[in-house]
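Engineer: After the structure tokens below, expect a handful of questions from me.
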Amino acid sequence: MNLTFRIIGAPGTGSRLHFASATLNEGSPAVCRNDGSLYVYVDISGKIRYYRDDSTGTEPSNKAVPGAEVRLFTQDATQGPLQTSITACDGSYLNGGLQPIQTYSVVPRHSDDYGGAIDPFDASLNAQYVVGLINLTYIQRLAADASGNGTLTSFDSAKIAQFSVGLIPQLPVAALRGDWVFVPVPQEEPN
Ligand SMILES: [Ca+2]
Ligand SMILES: [Ca+2]
């Protein structure tokens, strides 16, 4: 037996569905009255942008990050991603048709595709910060932490220098959290 419901309402709203009784008009097949729920599907969408626009020096910038992978997870950590989308040319992504009755985590990642962003000058900036010659913002320090240990030292400067001239294929931090760092980290949001 198929029952068709036409659901109207705002995304994320819904109601419980209770079957008070069920009667079949012929024979004596078993009838199970399992309650359920009806809800309007929700979408999770957003945009990924570079923190810094290298052409204008603007932070945070409006410069889009295309081609990043955006994975959507449920709370069940044993499951793989429920959906995966790729950011478009304007940095936007959309994961749609989702049940509003559970918690989701949005986890972006991106690899390689540095576009010449890491050069010896970055190693120099890092070194200048380490000896107190310049200041770096929190996000700049996050980007400069090549070892991923939470602090900036001359070791980070050395790794950036080595990577920028091709002596090492990857920064040590990439083994911990991938080639790219995304801010903010995934967090819970209400519907
Ligand atoms: Ca740079
Ligand atoms: Ca470090």
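Every chain in the structure tokens has a letter given in the order shown (A, B, ...), and although residue numbers restart at 1 in each chain, ligands are simply numbered from 1 in the order shown.
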Output as JSON lines one row per residue of stretch 28-107 of chain A within 12 Å of stretch 129-147 of chain A: the closest atom pair and its distance in Å to one decimal place, counting only C-alpha atoms, sorted by chain and residue number ascending.
Structural biologist:
{"residue": "A:Tyr50", "atom": "CA", "partner": "A:Ile139", "partner_atom": "CA", "distance": 11.2}
{"residue": "A:Tyr51", "atom": "CA", "partner": "A:Ile139", "partner_atom": "CA", "distance": 8.0}
{"residue": "A:Arg52", "atom": "CA", "partner": "A:Gln140", "partner_atom": "CA", "distance": 9.2}
{"residue": "A:Glu59", "atom": "CA", "partner": "A:Ile139", "partner_atom": "CA", "distance": 9.5}
{"residue": "A:Pro60", "atom": "CA", "partner": "A:Ile139", "partner_atom": "CA", "distance": 9.6}
Engineer: Using C-alpha atoms, can you export the residues from the last selection as a PDB file, in the first residue's frame?
Structural biologist:
ATOM      1  CA  TYR A  50      40.463  32.669   0.424  1.00  0.00           C
ATOM      2  CA  TYR A  51      41.328  34.362   3.665  1.00  0.00           C
ATOM      3  CA  ARG A  52      43.640  36.687   1.787  1.00  0.00           C
ATOM      4  CA  GLU A  59      41.788  39.944   4.641  1.00  0.00           C
ATOM      5  CA  PRO A  60      39.304  38.337   4.841  1.00  0.00           C
TER       6      PRO A  60
END
Engineer: Residues within 7 Å of ligand 2 (only C-alpha atoms and all ligand atoms), as an mmCIF file with N, CA and C atoms, in the first residue's frame?
Structural biologist:
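The file below, out-v4.cif, is the result:
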data_model
loop_
_atom_site.group_PDB
_atom_site.id
_atom_site.type_symbol
_atom_site.label_atom_id
_atom_site.label_comp_id
_atom_site.auth_asym_id
_atom_site.auth_seq_id
_atom_site.Cartn_x
_atom_site.Cartn_y
_atom_site.Cartn_z
ATOM 1 N N ASP A 145 52.253 27.951 10.094
ATOM 2 C CA ASP A 145 52.683 26.859 10.984
ATOM 3 C C ASP A 145 52.887 25.579 10.162
ATOM 4 N N ALA A 146 54.014 25.494 9.515
ATOM 5 C CA ALA A 146 54.287 24.396 8.578
ATOM 6 C C ALA A 146 54.372 23.043 9.277
ATOM 7 N N SER A 147 54.701 23.052 10.575
ATOM 8 C CA SER A 147 54.795 21.782 11.293
ATOM 9 C C SER A 147 53.462 21.384 11.922
ATOM 10 N N GLY A 148 52.552 22.366 12.076
ATOM 11 C CA GLY A 148 51.241 22.078 12.636
ATOM 12 C C GLY A 148 51.249 21.870 14.135
ATOM 13 N N ASN A 149 52.275 22.366 14.827
ATOM 14 C CA ASN A 149 52.347 22.143 16.284
ATOM 15 C C ASN A 149 51.771 23.304 17.083
ATOM 16 N N GLY A 150 51.235 24.322 16.395
ATOM 17 C CA GLY A 150 50.582 25.416 17.109
ATOM 18 C C GLY A 150 51.471 26.597 17.418
ATOM 19 N N THR A 151 52.767 26.505 17.127
ATOM 20 C CA THR A 151 53.652 27.650 17.355
ATOM 21 C C THR A 151 54.534 27.857 16.124
ATOM 22 N N LEU A 152 55.078 29.058 16.000
ATOM 23 C CA LEU A 152 55.976 29.347 14.881
ATOM 24 C C LEU A 152 57.415 29.403 15.381
ATOM 25 N N THR A 153 58.249 28.637 14.729
ATOM 26 C CA THR A 153 59.677 28.634 15.063
ATOM 27 C C THR A 153 60.468 28.655 13.765
ATOM 28 N N PHE A 155 62.004 26.297 12.625
ATOM 29 C CA PHE A 155 61.749 25.032 11.926
ATOM 30 C C PHE A 155 60.687 25.241 10.845
ATOM 31 N N ASP A 156 59.642 26.016 11.172
ATOM 32 C CA ASP A 156 58.606 26.316 10.179
ATOM 33 C C ASP A 156 59.198 27.102 9.010
#
Engineer: Select the residues contacting ligand 1 at a distance of at most 12 Å, based on only C-alpha atoms and all ligand atoms, then format the selection as a PyMOL selection string.
Structural biologist: chain A and resi 51-55+57+114-126+140+143-144+160-161+163-164
Engineer: Go ahead and compute the interatomic distance for atom CA of A:Gln83 and atom CA of A:Gln99, in Å to one decimal.
Structural biologist: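 Taking atom CA of A:Gln83 as the start and atom CA of A:Gln99 as the end point, the length is 12.5 Å.
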Engineer: Check the smallest atom-to-atom distance from each of A:Leu98, A:Leu17, A:Val42, A:Ala10 to A:Thr74 using only C-alpha atoms, then report the winner.
Structural biologist: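 When distances to A:Thr74 are compared using only C-alpha atoms, the smallest one comes from A:Leu98.
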Engineer: Counting only C-alpha atoms, what is within 10 Å of A:Val40, bar same-chain residues fewer than 2 positions away, as a list in words?
Structural biologist: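 So the residues in contact are Ile7, Ile8, Gly9, Ala10, Pro11, Gly12, Thr13, Gly14, Ser15, Leu38, Val42, Gly97, Leu98, Gln99 and Pro100 of chain A.
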Engineer: As a PDB file with C-alpha atoms, in the first residue's frame, which residues of chain A does DSSP assign to strand (DSSP E)?
Structural biologist:
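Dumped everything to result14.pdb:
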ATOM      1  CA  GLY A  14       7.663  18.922  10.057  1.00  0.00           C
ATOM      2  CA  SER A  15       5.378  16.915  12.265  1.00  0.00           C
ATOM      3  CA  ARG A  16       5.074  13.479  13.735  1.00  0.00           C
ATOM      4  CA  LEU A  17       2.933  10.971  11.884  1.00  0.00           C
ATOM      5  CA  GLY A  36       6.890   8.124  11.592  1.00  0.00           C
ATOM      6  CA  SER A  37       7.363  11.760  10.739  1.00  0.00           C
ATOM      7  CA  LEU A  38       6.927  14.140   7.855  1.00  0.00           C
ATOM      8  CA  TYR A  39       9.273  17.040   7.242  1.00  0.00           C
ATOM      9  CA  VAL A  42      16.681  21.280   4.076  1.00  0.00           C
ATOM     10  CA  ASP A  43      19.767  22.344   2.151  1.00  0.00           C
ATOM     11  CA  ILE A  44      23.167  23.164   3.563  1.00  0.00           C
ATOM     12  CA  SER A  45      25.007  25.635   1.382  1.00  0.00           C
ATOM     13  CA  GLY A  46      27.747  28.195   1.641  1.00  0.00           C
ATOM     14  CA  LYS A  47      30.826  29.660   0.062  1.00  0.00           C
ATOM     15  CA  GLU A  69      35.637  19.233  -1.874  1.00  0.00           C
ATOM     16  CA  VAL A  70      32.877  19.763   0.702  1.00  0.00           C
ATOM     17  CA  ARG A  71      31.934  16.605   2.564  1.00  0.00           C
ATOM     18  CA  LEU A  72      28.818  16.277   4.651  1.00  0.00           C
ATOM     19  CA  PHE A  73      28.861  13.847   7.558  1.00  0.00           C
ATOM     20  CA  THR A  74      26.187  12.682   9.964  1.00  0.00           C
ATOM     21  CA  GLN A  83      27.191  13.735   0.376  1.00  0.00           C
ATOM     22  CA  THR A  84      30.134  15.344  -1.308  1.00  0.00           C
ATOM     23  CA  SER A  85      29.999  18.474  -3.420  1.00  0.00           C
ATOM     24  CA  ILE A  86      32.644  20.539  -5.185  1.00  0.00           C
ATOM     25  CA  SER A  92      29.663  28.104  -3.583  1.00  0.00           C
ATOM     26  CA  TYR A  93      28.577  24.625  -2.589  1.00  0.00           C
ATOM     27  CA  LEU A  94      25.234  22.994  -1.962  1.00  0.00           C
ATOM     28  CA  ASN A  95      24.312  19.787  -0.199  1.00  0.00           C
ATOM     29  CA  GLY A  96      20.572  19.349  -0.544  1.00  0.00           C
ATOM     30  CA  GLY A  97      17.601  17.114   0.200  1.00  0.00           C
ATOM     31  CA  LEU A  98      18.613  16.573   3.819  1.00  0.00           C
ATOM     32  CA  TYR A 104      25.429  17.343  10.135  1.00  0.00           C
ATOM     33  CA  SER A 105      29.070  18.318   9.903  1.00  0.00           C
ATOM     34  CA  VAL A 106      30.434  20.171   6.887  1.00  0.00           C
ATOM     35  CA  VAL A 107      34.075  19.278   6.306  1.00  0.00           C
ATOM     36  CA  PRO A 108      35.873  20.905   3.371  1.00  0.00           C
ATOM     37  CA  ARG A 109      39.199  19.789   1.998  1.00  0.00           C
TER      38      ARG A 109
END
Engineer: Which residues come within 12 Å of stretch 21-24 of chain A, counting only C-alpha atoms, excluding same-chain residues fewer than 3 positions away, as a list of chain:residue names?
Structural biologist: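 So, after excluding close chain neighbours, the residues are A:Met1, A:His18, A:Gly27, A:Ser28, A:Pro29, A:Ala30, A:Val31, A:Cys32, A:Arg33, A:Asn34, A:Asp35.
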Engineer: Include N, CA and C atoms and write out the residues we just selected as a JSON list (two decimals), in the first residue's frame.
Structural biologist:
[["chain", "number", "residue", "atom", "x", "y", "z"],
["A", 1, "MET", "N", 0.85, -1.19, 0.00],
["A", 1, "MET", "CA", 0.00, 0.00, 0.00],
["A", 1, "MET", "C", 0.89, 1.25, 0.00],
["A", 18, "HIS", "N", 1.23, 9.79, 13.15],
["A", 18, "HIS", "CA", 0.73, 8.71, 14.01],
["A", 18, "HIS", "C", -0.41, 7.98, 13.31],
["A", 27, "GLY", "N", -8.80, -10.71, 3.45],
["A", 27, "GLY", "CA", -7.82, -11.62, 4.03],
["A", 27, "GLY", "C", -7.45, -11.21, 5.45],
["A", 28, "SER", "N", -6.36, -11.76, 5.93],
["A", 28, "SER", "CA", -5.93, -11.43, 7.28],
["A", 28, "SER", "C", -4.42, -11.25, 7.35],
["A", 29, "PRO", "N", -3.84, -10.39, 6.48],
["A", 29, "PRO", "CA", -2.39, -10.15, 6.58],
["A", 29, "PRO", "C", -2.07, -9.35, 7.85],
["A", 30, "ALA", "N", -0.87, -9.52, 8.32],
["A", 30, "ALA", "CA", -0.45, -8.77, 9.50],
["A", 30, "ALA", "C", -0.33, -7.29, 9.16],
["A", 31, "VAL", "N", -0.75, -6.46, 10.08],
["A", 31, "VAL", "CA", -0.66, -5.00, 9.90],
["A", 31, "VAL", "C", 0.24, -4.44, 10.98],
["A", 32, "CYS", "N", 1.25, -3.70, 10.60],
["A", 32, "CYS", "CA", 2.13, -3.05, 11.58],
["A", 32, "CYS", "C", 1.89, -1.56, 11.50],
["A", 33, "ARG", "N", 1.50, -0.95, 12.61],
["A", 33, "ARG", "CA", 1.27, 0.50, 12.63],
["A", 33, "ARG", "C", 2.52, 1.17, 13.19],
["A", 34, "ASN", "N", 3.49, 1.43, 12.34],
["A", 34, "ASN", "CA", 4.71, 2.10, 12.78],
["A", 34, "ASN", "C", 4.57, 3.60, 12.55],
["A", 35, "ASP", "N", 4.65, 4.36, 13.62],
["A", 35, "ASP", "CA", 4.58, 5.82, 13.48],
["A", 35, "ASP", "C", 5.84, 6.34, 12.79]]
Engineer: Could you check the closest approach to A:Gly178 for each of A:Glu26, A:Ser154, A:Ala20, A:His110 and tell me which residue wins, using only C-alpha atoms?
Structural biologist: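 Among A:Glu26, A:Ser154, A:Ala20, A:His110, it is A:His110 that comes nearest to A:Gly178.
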